[in-house]
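J.: Got a structure for you, final.json, holding JSON, C-alpha atoms.
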```json
[["chain", "number", "residue", "atom", "x", "y", "z"],
["A", 1, "LEU", "CA", 13.65, 8.49, -9.25],
["A", 2, "ILE", "CA", 10.19, 10.05, -8.84],
["A", 3, "VAL", "CA", 8.25, 11.20, -11.88],
["A", 4, "PHE", "CA", 5.12, 13.41, -11.80],
["A", 5, "VAL", "CA", 2.89, 13.49, -14.88],
["A", 6, "CYS", "CA", 0.31, 16.27, -15.34],
["A", 7, "SER", "CA", -2.20, 16.88, -18.12],
["A", 8, "HIS", "CA", -1.86, 19.99, -20.22],
["A", 9, "ASN", "CA", -3.93, 21.26, -23.16],
["A", 10, "PHE", "CA", -1.83, 22.19, -26.12],
["A", 11, "ALA", "CA", -3.13, 23.85, -29.29],
["A", 12, "ALA", "CA", -1.32, 24.28, -32.59],
["A", 13, "SER", "CA", -2.54, 25.57, -35.92],
["A", 14, "SER", "CA", -1.25, 25.84, -39.44],
["A", 15, "ARG", "CA", -3.34, 27.85, -41.92],
["A", 16, "ASN", "CA", -6.89, 26.47, -41.58],
["A", 17, "ILE", "CA", -5.83, 23.28, -39.80],
["A", 18, "SER", "CA", -6.06, 23.17, -36.01],
["A", 19, "TRP", "CA", -5.07, 20.45, -33.58],
["A", 20, "LYS", "CA", -5.86, 20.29, -29.88],
["A", 21, "PHE", "CA", -4.51, 17.47, -27.78],
["A", 22, "LYS", "CA", -3.36, 16.73, -24.27],
["A", 23, "SER", "CA", 0.36, 16.53, -23.79],
["A", 24, "PRO", "CA", 1.75, 15.35, -20.44],
["A", 25, "ILE", "CA", 4.04, 17.62, -18.48],
["A", 26, "ILE", "CA", 6.67, 15.45, -16.83],
["A", 27, "LYS", "CA", 8.85, 16.57, -13.96],
["A", 28, "ASN", "CA", 11.57, 14.30, -12.66],
["A", 29, "TYR", "CA", 12.85, 14.34, -9.08],
["A", 30, "SER", "CA", 16.22, 12.66, -8.70],
["A", 31, "PRO", "CA", 17.33, 11.13, -5.38],
["A", 32, "ASP", "CA", 19.63, 14.14, -4.95],
["A", 33, "VAL", "CA", 16.57, 16.43, -4.89],
["A", 34, "TYR", "CA", 14.57, 14.49, -2.28],
["A", 35, "HIS", "CA", 17.68, 13.23, -0.44],
["A", 36, "GLY", "CA", 16.72, 9.58, -0.74],
["A", 37, "LYS", "CA", 17.12, 6.34, -2.66],
["A", 38, "GLY", "CA", 16.16, 5.63, -6.24],
["A", 39, "GLN", "CA", 13.62, 2.91, -5.43],
["A", 40, "VAL", "CA", 10.12, 4.00, -4.39],
["A", 41, "TRP", "CA", 7.81, 1.23, -3.18],
["A", 42, "GLY", "CA", 4.56, 3.15, -2.81],
["A", 43, "ILE", "CA", 2.89, 6.56, -3.16],
["A", 44, "VAL", "CA", -0.26, 8.03, -1.60],
["A", 45, "GLN", "CA", -1.78, 11.51, -1.45],
["A", 46, "ASP", "CA", -3.86, 12.72, 1.50],
["A", 47, "LYS", "CA", -6.90, 15.01, 1.40],
["A", 48, "ARG", "CA", -4.73, 18.10, 1.81],
["A", 49, "GLY", "CA", -2.79, 17.22, -1.33],
["A", 50, "ILE", "CA", 0.34, 16.23, 0.59],
["A", 51, "MET", "CA", 2.16, 13.28, -0.96],
["A", 52, "TYR", "CA", 3.95, 10.43, 0.82],
["A", 53, "PHE", "CA", 6.55, 8.05, -0.59],
["A", 54, "SER", "CA", 7.81, 4.77, 0.84],
["A", 55, "ASN", "CA", 11.49, 5.02, -0.07],
["A", 56, "GLY", "CA", 12.80, 1.63, 1.09],
["A", 57, "ASN", "CA", 15.63, 1.82, 3.58],
["A", 58, "ASN", "CA", 15.61, 5.62, 3.34],
["A", 59, "GLY", "CA", 12.30, 5.64, 5.20],
["A", 60, "LEU", "CA", 9.17, 7.72, 4.60],
["A", 61, "LEU", "CA", 9.18, 10.95, 2.59],
["A", 62, "GLU", "CA", 6.64, 13.79, 2.65],
["A", 63, "TYR", "CA", 6.27, 16.33, -0.16],
["A", 64, "ASP", "CA", 4.03, 19.41, -0.05],
["A", 65, "GLY", "CA", 4.78, 20.62, -3.57],
["A", 66, "VAL", "CA", 7.72, 22.73, -2.43],
["A", 67, "ASN", "CA", 9.63, 21.00, 0.34],
["A", 68, "TRP", "CA", 10.71, 17.42, 0.97],
["A", 69, "LYS", "CA", 10.74, 16.07, 4.49],
["A", 70, "LYS", "CA", 11.66, 12.75, 6.05],
["A", 71, "ILE", "CA", 9.24, 11.42, 8.67],
["A", 72, "ARG", "CA", 10.86, 9.51, 11.48],
["A", 73, "LEU", "CA", 9.35, 6.17, 12.43],
["A", 74, "ARG", "CA", 9.36, 4.40, 15.77],
["A", 75, "LYS", "CA", 11.46, 1.37, 14.85],
["A", 76, "SER", "CA", 12.53, 0.45, 11.33],
["A", 77, "GLN", "CA", 13.42, 3.16, 8.84],
["A", 78, "THR", "CA", 12.77, 0.77, 5.93],
["A", 79, "VAL", "CA", 9.30, 1.55, 4.58],
["A", 80, "ARG", "CA", 7.75, -0.91, 2.11],
["A", 81, "SER", "CA", 4.09, 0.06, 1.76],
["A", 82, "LEU", "CA", 1.50, 2.80, 2.16],
["A", 83, "GLY", "CA", -2.29, 2.95, 2.18],
["A", 84, "ILE", "CA", -5.02, 5.51, 2.82],
["A", 85, "ASN", "CA", -8.59, 5.01, 4.00],
["A", 86, "ASP", "CA", -11.79, 6.90, 3.21],
["A", 87, "GLU", "CA", -11.19, 9.29, 6.11],
["A", 88, "GLY", "CA", -7.83, 10.26, 4.66],
["A", 89, "VAL", "CA", -5.68, 8.54, 7.29],
["A", 90, "VAL", "CA", -2.34, 7.36, 5.86],
["A", 91, "PHE", "CA", -1.11, 3.95, 7.04],
["A", 92, "VAL", "CA", 2.51, 2.81, 6.87],
["A", 93, "GLY", "CA", 4.08, -0.65, 6.63],
["A", 94, "SER", "CA", 7.77, -1.17, 7.40],
["A", 95, "ILE", "CA", 10.02, -3.99, 8.62],
["A", 96, "GLY", "CA", 8.74, -5.32, 11.94],
["A", 97, "ASP", "CA", 6.32, -2.44, 12.46],
["A", 98, "PHE", "CA", 3.24, -0.72, 11.07],
["A", 99, "GLY", "CA", 1.10, 2.26, 12.05],
["A", 100, "TYR", "CA", -0.46, 5.50, 10.85],
["A", 101, "LEU", "CA", 0.27, 9.20, 10.37],
["A", 102, "LYS", "CA", -1.35, 12.08, 12.22],
["A", 103, "VAL", "CA", -0.80, 15.82, 11.85],
["A", 104, "ILE", "CA", -0.26, 17.58, 15.20],
["A", 105, "ASN", "CA", 0.39, 21.33, 15.31],
["A", 106, "GLY", "CA", 1.24, 21.29, 11.63],
["A", 107, "GLN", "CA", 3.76, 18.46, 11.98],
["A", 108, "THR", "CA", 3.23, 14.95, 10.61],
["A", 109, "ARG", "CA", 3.92, 12.28, 13.21],
["A", 110, "TYR", "CA", 4.00, 8.51, 13.02],
["A", 111, "PHE", "CA", 2.13, 6.35, 15.55],
["A", 112, "SER", "CA", 2.86, 2.63, 15.77],
["A", 113, "LEU", "CA", 0.13, 0.02, 16.29],
["A", 114, "MET", "CA", 2.53, -2.53, 17.79],
["A", 115, "ALA", "CA", 1.12, -2.10, 21.29],
["A", 116, "HIS", "CA", -2.15, -3.64, 20.04],
["A", 117, "ILE", "CA", -0.41, -6.85, 18.92],
["A", 118, "PRO", "CA", 0.12, -9.76, 21.38],
["A", 119, "ILE", "CA", 3.77, -9.87, 22.46],
["A", 120, "LYS", "CA", 4.39, -13.31, 20.92],
["A", 121, "GLU", "CA", 3.20, -12.02, 17.52],
["A", 122, "ARG", "CA", 5.36, -8.90, 17.40],
["A", 123, "VAL", "CA", 8.22, -10.49, 15.50],
["A", 124, "PHE", "CA", 7.69, -10.28, 11.74],
["A", 125, "ASN", "CA", 9.51, -8.99, 8.69],
["A", 126, "ASP", "CA", 8.45, -6.72, 5.84],
["A", 127, "ILE", "CA", 4.89, -5.46, 5.56],
["A", 128, "TRP", "CA", 4.66, -5.67, 1.77],
["A", 129, "GLN", "CA", 1.12, -4.34, 1.38],
["A", 130, "VAL", "CA", -1.30, -2.02, 3.15],
["A", 131, "VAL", "CA", -4.87, -2.47, 1.93],
["A", 132, "THR", "CA", -7.84, -0.45, 3.19],
["A", 133, "LEU", "CA", -11.40, -1.72, 2.89],
["A", 134, "LYS", "CA", -14.43, -0.07, 4.49],
["A", 135, "ASN", "CA", -13.58, 0.32, 8.21],
["A", 136, "SER", "CA", -10.65, -2.14, 8.13],
["A", 137, "VAL", "CA", -6.97, -1.86, 7.29],
["A", 138, "PHE", "CA", -4.97, -4.96, 6.33],
["A", 139, "PHE", "CA", -1.18, -5.15, 6.71],
["A", 140, "ARG", "CA", 0.32, -8.09, 4.82],
["A", 141, "SER", "CA", 3.64, -9.78, 5.46],
["A", 142, "GLN", "CA", 4.60, -13.09, 3.85],
["A", 143, "LYS", "CA", 3.49, -15.12, 6.86],
["A", 144, "THR", "CA", 0.84, -12.95, 8.53],
["A", 145, "ILE", "CA", -2.01, -10.58, 7.74],
["A", 146, "PHE", "CA", -2.88, -8.10, 10.48],
["A", 147, "ARG", "CA", -6.35, -6.54, 10.39],
["A", 148, "TRP", "CA", -6.86, -3.23, 12.19],
["A", 149, "LYS", "CA", -10.56, -2.69, 12.87],
["A", 150, "ASN", "CA", -12.43, -0.81, 15.59],
["A", 151, "GLY", "CA", -9.26, -0.26, 17.59],
["A", 152, "LYS", "CA", -8.26, -3.95, 17.64],
["A", 153, "ILE", "CA", -5.85, -6.21, 15.77],
["A", 154, "LYS", "CA", -6.95, -9.55, 14.34],
["A", 155, "ILE", "CA", -4.23, -11.91, 13.09],
["A", 156, "PHE", "CA", -4.50, -14.30, 10.14],
["A", 157, "LYS", "CA", -1.68, -16.82, 9.69],
["A", 158, "ALA", "CA", -0.51, -18.34, 6.41],
["A", 159, "GLU", "CA", -0.08, -22.09, 6.21],
["A", 160, "THR", "CA", 2.51, -21.50, 3.51],
["A", 161, "ARG", "CA", 3.05, -17.93, 2.30],
["A", 162, "PHE", "CA", 0.87, -14.97, 1.34],
["A", 163, "TYR", "CA", 1.85, -13.74, -2.11],
["A", 164, "THR", "CA", -0.43, -10.76, -2.64],
["A", 165, "THR", "CA", -3.84, -9.25, -1.90],
["A", 166, "ALA", "CA", -6.42, -7.33, -3.92],
["A", 167, "VAL", "CA", -9.82, -5.71, -3.36],
["A", 168, "VAL", "CA", -12.56, -6.58, -5.86],
["A", 169, "ASN", "CA", -16.23, -5.63, -5.49],
["A", 170, "ASN", "CA", -15.64, -4.59, -1.85],
["A", 171, "ASN", "CA", -14.12, -7.95, -0.94],
["A", 172, "LEU", "CA", -10.53, -8.73, 0.02],
["A", 173, "TYR", "CA", -8.85, -11.57, -1.88],
["A", 174, "ILE", "CA", -5.57, -13.18, -0.92],
["A", 175, "LEU", "CA", -3.33, -15.48, -2.92],
["A", 176, "GLN", "CA", -1.64, -18.08, -0.72],
["A", 177, "ARG", "CA", 1.08, -20.35, -2.04],
["A", 178, "ARG", "CA", -0.15, -23.90, -2.75],
["A", 179, "LYS", "CA", -3.54, -23.03, -1.24],
["A", 180, "GLY", "CA", -5.00, -20.84, -3.96],
["A", 181, "LEU", "CA", -7.24, -17.84, -3.69],
["A", 182, "MET", "CA", -8.76, -17.01, -0.31],
["A", 183, "THR", "CA", -10.94, -14.36, 1.28],
["A", 184, "ILE", "CA", -11.70, -13.21, 4.80],
["A", 185, "SER", "CA", -15.21, -13.90, 6.03],
["A", 186, "GLY", "CA", -15.84, -12.48, 9.48],
["A", 187, "ASP", "CA", -12.79, -13.52, 11.47],
["A", 188, "LYS", "CA", -11.85, -16.50, 9.31],
["A", 189, "LEU", "CA", -9.60, -17.05, 6.32],
["A", 190, "VAL", "CA", -11.75, -18.96, 3.82],
["A", 191, "PRO", "CA", -10.58, -20.71, 0.61],
["A", 192, "ILE", "CA", -12.41, -20.05, -2.66],
["A", 193, "LYS", "CA", -13.15, -23.43, -4.23],
["A", 194, "SER", "CA", -13.23, -22.13, -7.81],
["A", 195, "SER", "CA", -9.60, -21.07, -7.48],
["A", 196, "GLN", "CA", -8.14, -24.54, -7.04],
["A", 197, "LYS", "CA", -6.42, -24.43, -10.42],
["A", 198, "ILE", "CA", -4.28, -21.52, -9.16],
["A", 199, "ILE", "CA", -2.62, -23.95, -6.73],
["A", 200, "LYS", "CA", -0.95, -25.76, -9.63],
["A", 201, "GLU", "CA", 0.38, -22.57, -11.18],
["A", 202, "LYS", "CA", 3.82, -21.40, -10.14],
["A", 203, "THR", "CA", 2.97, -17.72, -10.20],
["A", 204, "LYS", "CA", 3.12, -14.83, -7.79],
["A", 205, "VAL", "CA", 0.92, -12.55, -9.89],
["A", 206, "LEU", "CA", -2.74, -12.18, -8.94],
["A", 207, "THR", "CA", -5.08, -10.94, -11.66],
["A", 208, "LEU", "CA", -8.79, -10.90, -10.86],
["A", 209, "LEU", "CA", -11.38, -10.50, -13.60],
["A", 210, "TYR", "CA", -14.85, -9.96, -12.18],
["A", 211, "GLY", "CA", -18.06, -10.11, -14.16],
["A", 212, "LYS", "CA", -21.62, -11.37, -13.84],
["A", 213, "GLY", "CA", -21.14, -12.08, -10.16],
["A", 214, "ARG", "CA", -18.24, -14.50, -10.52],
["A", 215, "PHE", "CA", -14.56, -14.83, -11.46]]
```
In structure tokens, how does this file's structure come out?
T.:
Amino acid sequence: LIVFVCSHNFAASSRNISWKFKSPIIKNYSPDVYHGKGQVWGIVQDKRGIMYFSNGNNGLLEYDGVNWKKIRLRKSQTVRSLGINDEGVVFVGSIGDFGYLKVINGQTRYFSLMAHIPIKERVFNDIWQVVTLKNSVFFRSQKTIFRWKNGKIKIFKAETRFYTTAVVNNNLYILQRRKGLMTISGDKLVPIKSSQKIIKEKTKVLTLLYGKGRF
């Protein structure tokens, strides 16, 4: 199920009393409408206003406000994650593949980045997150983070398992099981010493509170 919420000004009056408040307009799109599955993993909107939905094993959906369209991928049709950078390029993470979208002659096409990955590193499972930061794009699976930057892929391996990632104050932070909170400095995965207590917590939820230059 996909739900759109819009803001709408509503005014009502009774005698000399007047109220003005914002009431959301909600429109539901059932799987029968967009010809897909009920579970949506991610949503992004490009600079043209076109919306994209990662619809699990139903693949990638495109919606222009009138028509729904399914975008065919190169390999897996199971799409887990989406991201968009400052230039408006939409990036896609699926099972065993990731890449980007490009509009050619009015048609949205998917281009895989697999050719940029060393052959021995091309076997991986779900890309659970796509995170954009400055001129880099990070694709996270449980065991590997792939960084796409300046036309090249850099690979960061987990010693245990990557749980989640987040961007705070223009820095990428990664929670690794039994290792704590980490960041990427240059081409290295670096642990954050102040996060050691996270190692003892059996949690997969990363919440970062930033203030006065520290966590």
J.: Go ahead and compute the interatomic distance for CA of Arg177 in chain A and CA of Thr144 in chain A, in Å to one decimal.
T.: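 Separation of CA of Arg177 in chain A and CA of Thr144 in chain A: 12.9 Å.
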J.: When distances are computed from only C-alpha atoms, which of A:Gly186, A:Gly59, A:Pro118, A:Gly96 shows the smallest separation from Gln142 in chain A?
T.: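 Closest to Gln142 in chain A, using only C-alpha atoms: A:Gly96.
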J.: If you measure from CA of Trp68 in chain A to CA of Ser136 in chain A, what distance in Å do you get, rounded to one decimal?
T.: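 Those two atoms sit 29.8 Å apart.
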J.: Please determine, counting only C-alpha atoms, which residue among A:Lys188, A:Lys70, A:Asn171, A:Lys154 has the shortest atom-to-atom distance to Thr108 in chain A.
T.: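 Going through A:Lys188, A:Lys70, A:Asn171, A:Lys154 one by one, the smallest distance to Thr108 in chain A is for A:Lys70.
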J.: Given the choices A:Glu121, A:Asp46, A:Asp32, A:Glu87, which gets closest to Glu62 in chain A if the distance is worked out from all atoms listed in the file?
T.: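 Counting all atoms listed in the file, the residue closest to Glu62 in chain A is A:Asp46.
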J.: What separation in Å, quoted to one decimal, exists between CA of Pro31 in chain A and CA of Gln45 in chain A?
T.: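 These atoms are spaced 19.5 Å apart.
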J.: Please identify every residue of range 124-168 of chain A that has at least one atom no farther than 12 Å from an atom of range 73-78 of chain A, counting only C-alpha atoms, and for each give the shortest atom pair and the distance in Å to one decimal, arranged by chain then increasing number, as a tab-separated table.
T.:
```
residue	atom	partner	partner_atom	distance
A:Phe124	CA	A:Ser76	CA	11.8
A:Asn125	CA	A:Ser76	CA	10.3
A:Asp126	CA	A:Thr78	CA	8.6
A:Ile127	CA	A:Thr78	CA	10.1
A:Trp128	CA	A:Thr78	CA	11.2
```
J.: From the options A:Ile192, A:Val79, A:Asp64, A:Gly106, which residue's atoms come nearest to Lys37 in chain A, counting all atoms listed in the file?
T.: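 Checking each candidate against Lys37 in chain A, we get A:Val79 as the closest.
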